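Worksheet: one structure, shown below.
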Amino acid sequence: DGRGMLITGTNDWKNYTVSANVRYELVKSGGIAARVQGLQRYYSLEFSSDNKFRLVKMLDGLNILKEIDMKLEFQKHYDLSLKVEDNHLTGYLNNKPVIEYEDTTNSLDQGGVGFVVESGTQSTNEIKIS
């Protein structure tokens, strides 16, 4: 219940892409995170159970930067990638860019990567950083 994370990496990582093949099991929301500086400081690319695909900024609470309608099917695999380049975020679904955002307000400049899930279960076999 609530939001949880698996975090790895260091605070000096800046511009990179984090990717994972994610399978969802009855989650409220979940996905991958970049520039993680702790449980309350990160960007994430997430699916939500209300059929939204979104870019999130966790800083002083959860902030949805941008979201689009996208049907989430449980027990299905999705290739997710989140590219962070300076203050520009690009979310990829199955190797296609589908959502972008330019964070011009108090952007997170560096940090590790993570796997974030809210109220449920999701799985992956690996997280890639490039």
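We label chains A, B, ... in the order they appear in the structure tokens, count residues from 1 in each chain, and number ligands from 1 in the order shown.
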
- [ ] Using backbone DSSP assignments, extract all strand (DSSP E) residues from region 14-99 of chain A; output them as an NGL selection string.
- [x] :A and (16-25 or 29-38 or 41-48 or 52-58 or 62-69 or 77-85 or 88-93 or 96-99)

TODO: Just the residues within 10 Å of Leu80 (chain A), please, counting only C-alpha atoms, with nothing from its chain fewer than 2 positions along; format it as a VMD selection string.
DONE: chain A and resid 18 to 22 31 to 32 45 to 47 77 to 78 82 91 to 97 127

Task: Best match for closeness to Thr105 (chain A) among A:Leu59, A:Val117, A:Ile129, A:Ile7, counting only C-alpha atoms - done: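 Closest to Thr105 (chain A), using only C-alpha atoms: A:Leu59.
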
TODO: May I ask which of the residues A:Gly30, A:Lys128, A:Leu65, A:Asp79 is the closest one to Thr104 (chain A), counting only C-alpha atoms?
DONE: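 Smallest distance to Thr104 (chain A) is found for A:Leu65.
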
- [ ] Counting only C-alpha atoms, figure out which residue out of A:Asp60, A:Glu73, A:Glu25, A:Glu67 gets nearest to Ser123 (chain A).
- [x]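 Smallest distance to Ser123 (chain A) is found for A:Glu25.
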
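Among A:Gln122, A:Thr10, A:Ser49, A:Ser107, the residue with the shortest atom-to-atom distance to Glu85 (chain A), counting only C-alpha atoms, is A:Ser107.
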
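The space separating CA of Leu62 (chain A) from CA of Arg41 (chain A) comes to 9.3 Å.
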
Task: Test item: residues at most 9 Å from Tyr42 (chain A), only C-alpha atoms, excluding those fewer than 2 positions along its chain, as a ChimeraX atom specification - done: /A:33-40,44,56-59,108,111-114

Write a file of the selected residues as a PDB file, in the first residue's frame, keeping N, CA, C and O atoms.
```pdb
ATOM      1  N   ALA A  33      12.039   5.328 -12.910  1.00  0.00           N
ATOM      2  CA  ALA A  33      12.386   6.661 -12.422  1.00  0.00           C
ATOM      3  C   ALA A  33      13.810   7.025 -12.798  1.00  0.00           C
ATOM      4  O   ALA A  33      14.680   6.162 -12.920  1.00  0.00           O
ATOM      5  N   ALA A  34      14.032   8.336 -12.970  1.00  0.00           N
ATOM      6  CA  ALA A  34      15.353   8.869 -13.300  1.00  0.00           C
ATOM      7  C   ALA A  34      15.668  10.046 -12.373  1.00  0.00           C
ATOM      8  O   ALA A  34      14.766  10.646 -11.790  1.00  0.00           O
ATOM      9  N   ARG A  35      16.947  10.326 -12.262  1.00  0.00           N
ATOM     10  CA  ARG A  35      17.439  11.401 -11.398  1.00  0.00           C
ATOM     11  C   ARG A  35      16.894  11.286  -9.983  1.00  0.00           C
ATOM     12  O   ARG A  35      16.495  12.252  -9.350  1.00  0.00           O
ATOM     13  N   VAL A  36      16.909  10.065  -9.503  1.00  0.00           N
ATOM     14  CA  VAL A  36      16.392   9.763  -8.164  1.00  0.00           C
ATOM     15  C   VAL A  36      17.392  10.259  -7.122  1.00  0.00           C
ATOM     16  O   VAL A  36      18.563   9.905  -7.158  1.00  0.00           O
ATOM     17  N   GLN A  37      16.878  11.067  -6.202  1.00  0.00           N
ATOM     18  CA  GLN A  37      17.680  11.581  -5.093  1.00  0.00           C
ATOM     19  C   GLN A  37      17.076  11.166  -3.750  1.00  0.00           C
ATOM     20  O   GLN A  37      17.409  11.714  -2.717  1.00  0.00           O
ATOM     21  N   GLY A  38      16.161  10.204  -3.789  1.00  0.00           N
ATOM     22  CA  GLY A  38      15.497   9.713  -2.587  1.00  0.00           C
ATOM     23  C   GLY A  38      14.036   9.429  -2.887  1.00  0.00           C
ATOM     24  O   GLY A  38      13.565   9.615  -4.009  1.00  0.00           O
ATOM     25  N   LEU A  39      13.298   8.997  -1.869  1.00  0.00           N
ATOM     26  CA  LEU A  39      11.899   8.610  -2.064  1.00  0.00           C
ATOM     27  C   LEU A  39      10.983   9.780  -2.417  1.00  0.00           C
ATOM     28  O   LEU A  39       9.888   9.572  -2.916  1.00  0.00           O
ATOM     29  N   GLN A  40      11.430  10.992  -2.171  1.00  0.00           N
ATOM     30  CA  GLN A  40      10.595  12.165  -2.417  1.00  0.00           C
ATOM     31  C   GLN A  40      11.193  13.125  -3.448  1.00  0.00           C
ATOM     32  O   GLN A  40      10.755  14.275  -3.549  1.00  0.00           O
ATOM     33  N   SER A  44       9.579  10.325 -12.949  1.00  0.00           N
ATOM     34  CA  SER A  44       9.199   8.962 -13.320  1.00  0.00           C
ATOM     35  C   SER A  44       8.302   8.953 -14.546  1.00  0.00           C
ATOM     36  O   SER A  44       7.636   9.947 -14.859  1.00  0.00           O
ATOM     37  N   VAL A  56       5.968  12.154 -14.268  1.00  0.00           N
ATOM     38  CA  VAL A  56       5.741  12.622 -12.906  1.00  0.00           C
ATOM     39  C   VAL A  56       7.028  13.230 -12.366  1.00  0.00           C
ATOM     40  O   VAL A  56       8.122  12.746 -12.656  1.00  0.00           O
ATOM     41  N   LYS A  57       6.866  14.272 -11.582  1.00  0.00           N
ATOM     42  CA  LYS A  57       7.977  14.837 -10.822  1.00  0.00           C
ATOM     43  C   LYS A  57       7.594  14.752  -9.352  1.00  0.00           C
ATOM     44  O   LYS A  57       6.577  15.302  -8.936  1.00  0.00           O
ATOM     45  N   MET A  58       8.380  14.012  -8.591  1.00  0.00           N
ATOM     46  CA  MET A  58       8.162  13.937  -7.157  1.00  0.00           C
ATOM     47  C   MET A  58       9.115  14.943  -6.519  1.00  0.00           C
ATOM     48  O   MET A  58      10.331  14.742  -6.503  1.00  0.00           O
ATOM     49  N   LEU A  59       8.567  16.042  -6.073  1.00  0.00           N
ATOM     50  CA  LEU A  59       9.326  17.098  -5.408  1.00  0.00           C
ATOM     51  C   LEU A  59       8.297  17.977  -4.713  1.00  0.00           C
ATOM     52  O   LEU A  59       7.421  18.538  -5.377  1.00  0.00           O
ATOM     53  N   LEU A 108      15.204  18.757 -11.487  1.00  0.00           N
ATOM     54  CA  LEU A 108      16.150  17.847 -10.847  1.00  0.00           C
ATOM     55  C   LEU A 108      17.268  17.593 -11.855  1.00  0.00           C
ATOM     56  O   LEU A 108      17.007  17.114 -12.957  1.00  0.00           O
ATOM     57  N   GLY A 111      21.031  12.340 -10.489  1.00  0.00           N
ATOM     58  CA  GLY A 111      20.593  11.314  -9.560  1.00  0.00           C
ATOM     59  C   GLY A 111      20.554   9.946 -10.205  1.00  0.00           C
ATOM     60  O   GLY A 111      20.777   9.796 -11.403  1.00  0.00           O
ATOM     61  N   GLY A 112      20.255   8.954  -9.413  1.00  0.00           N
ATOM     62  CA  GLY A 112      20.241   7.565  -9.841  1.00  0.00           C
ATOM     63  C   GLY A 112      18.967   7.181 -10.571  1.00  0.00           C
ATOM     64  O   GLY A 112      18.235   8.033 -11.065  1.00  0.00           O
ATOM     65  N   VAL A 113      18.696   5.888 -10.622  1.00  0.00           N
ATOM     66  CA  VAL A 113      17.517   5.363 -11.311  1.00  0.00           C
ATOM     67  C   VAL A 113      16.689   4.557 -10.320  1.00  0.00           C
ATOM     68  O   VAL A 113      17.167   4.171  -9.256  1.00  0.00           O
ATOM     69  N   GLY A 114      15.444   4.289 -10.708  1.00  0.00           N
ATOM     70  CA  GLY A 114      14.592   3.530  -9.819  1.00  0.00           C
ATOM     71  C   GLY A 114      13.453   2.839 -10.532  1.00  0.00           C
ATOM     72  O   GLY A 114      13.187   3.071 -11.717  1.00  0.00           O
TER      73      GLY A 114
END
```

Do a neighbour search on Asp69 (chain A) at 7 Å with only C-alpha atoms, toss out local chain neighbours closer than 3 positions, and write the hits as an mmCIF file with N, CA, C and O atoms, in the first residue's frame.
```cif
data_model
loop_
_atom_site.group_PDB
_atom_site.id
_atom_site.type_symbol
_atom_site.label_atom_id
_atom_site.label_comp_id
_atom_site.auth_asym_id
_atom_site.auth_seq_id
_atom_site.Cartn_x
_atom_site.Cartn_y
_atom_site.Cartn_z
ATOM 1 N N ASN A 51 -5.867 4.464 -16.658
ATOM 2 C CA ASN A 51 -5.538 4.487 -18.097
ATOM 3 C C ASN A 51 -4.883 5.784 -18.545
ATOM 4 O O ASN A 51 -5.237 6.367 -19.568
ATOM 5 N N LYS A 52 -3.879 6.204 -17.774
ATOM 6 C CA LYS A 52 -3.052 7.353 -18.127
ATOM 7 C C LYS A 52 -1.599 6.900 -18.213
ATOM 8 O O LYS A 52 -1.155 6.032 -17.469
ATOM 9 N N PHE A 53 -0.870 7.496 -19.139
ATOM 10 C CA PHE A 53 0.572 7.312 -19.271
ATOM 11 C C PHE A 53 1.146 8.678 -18.991
ATOM 12 O O PHE A 53 0.736 9.667 -19.621
#
```

Task: Minimum-distance residue to Asp86 (chain A), chosen among A:Ile64, A:Glu102, A:Phe74, A:Leu26 (using only C-alpha atoms) - done: A:Glu102

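Rounded to one decimal, CA of Asp109 (chain A) and CA of His88 (chain A) lie 10.4 Å from each other.
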
Open item on the list: Residues within 7 Å of Lys66 (chain A), please, as a list in words. Count only C-alpha atoms; anything in the same chain fewer than 5 positions from it doesn't count.
Closed with: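 Here the answer would be Arg54, Leu55 and Tyr101 of chain A.
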
Open item on the list: Using only C-alpha atoms, can you tell me which of A:Thr17, A:Asn125, A:Glu118, A:Gln75 comes closest to Ser48 (chain A)?
Closed with: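 Ranked by minimum distance to Ser48 (chain A), first place goes to A:Glu118.
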
Task: Straight-line distance linking CA of Asn15 (chain A) with CA of Thr90 (chain A), stated in Å to one decimal - done: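 That distance, rounded to one decimal, is 11.7 Å.
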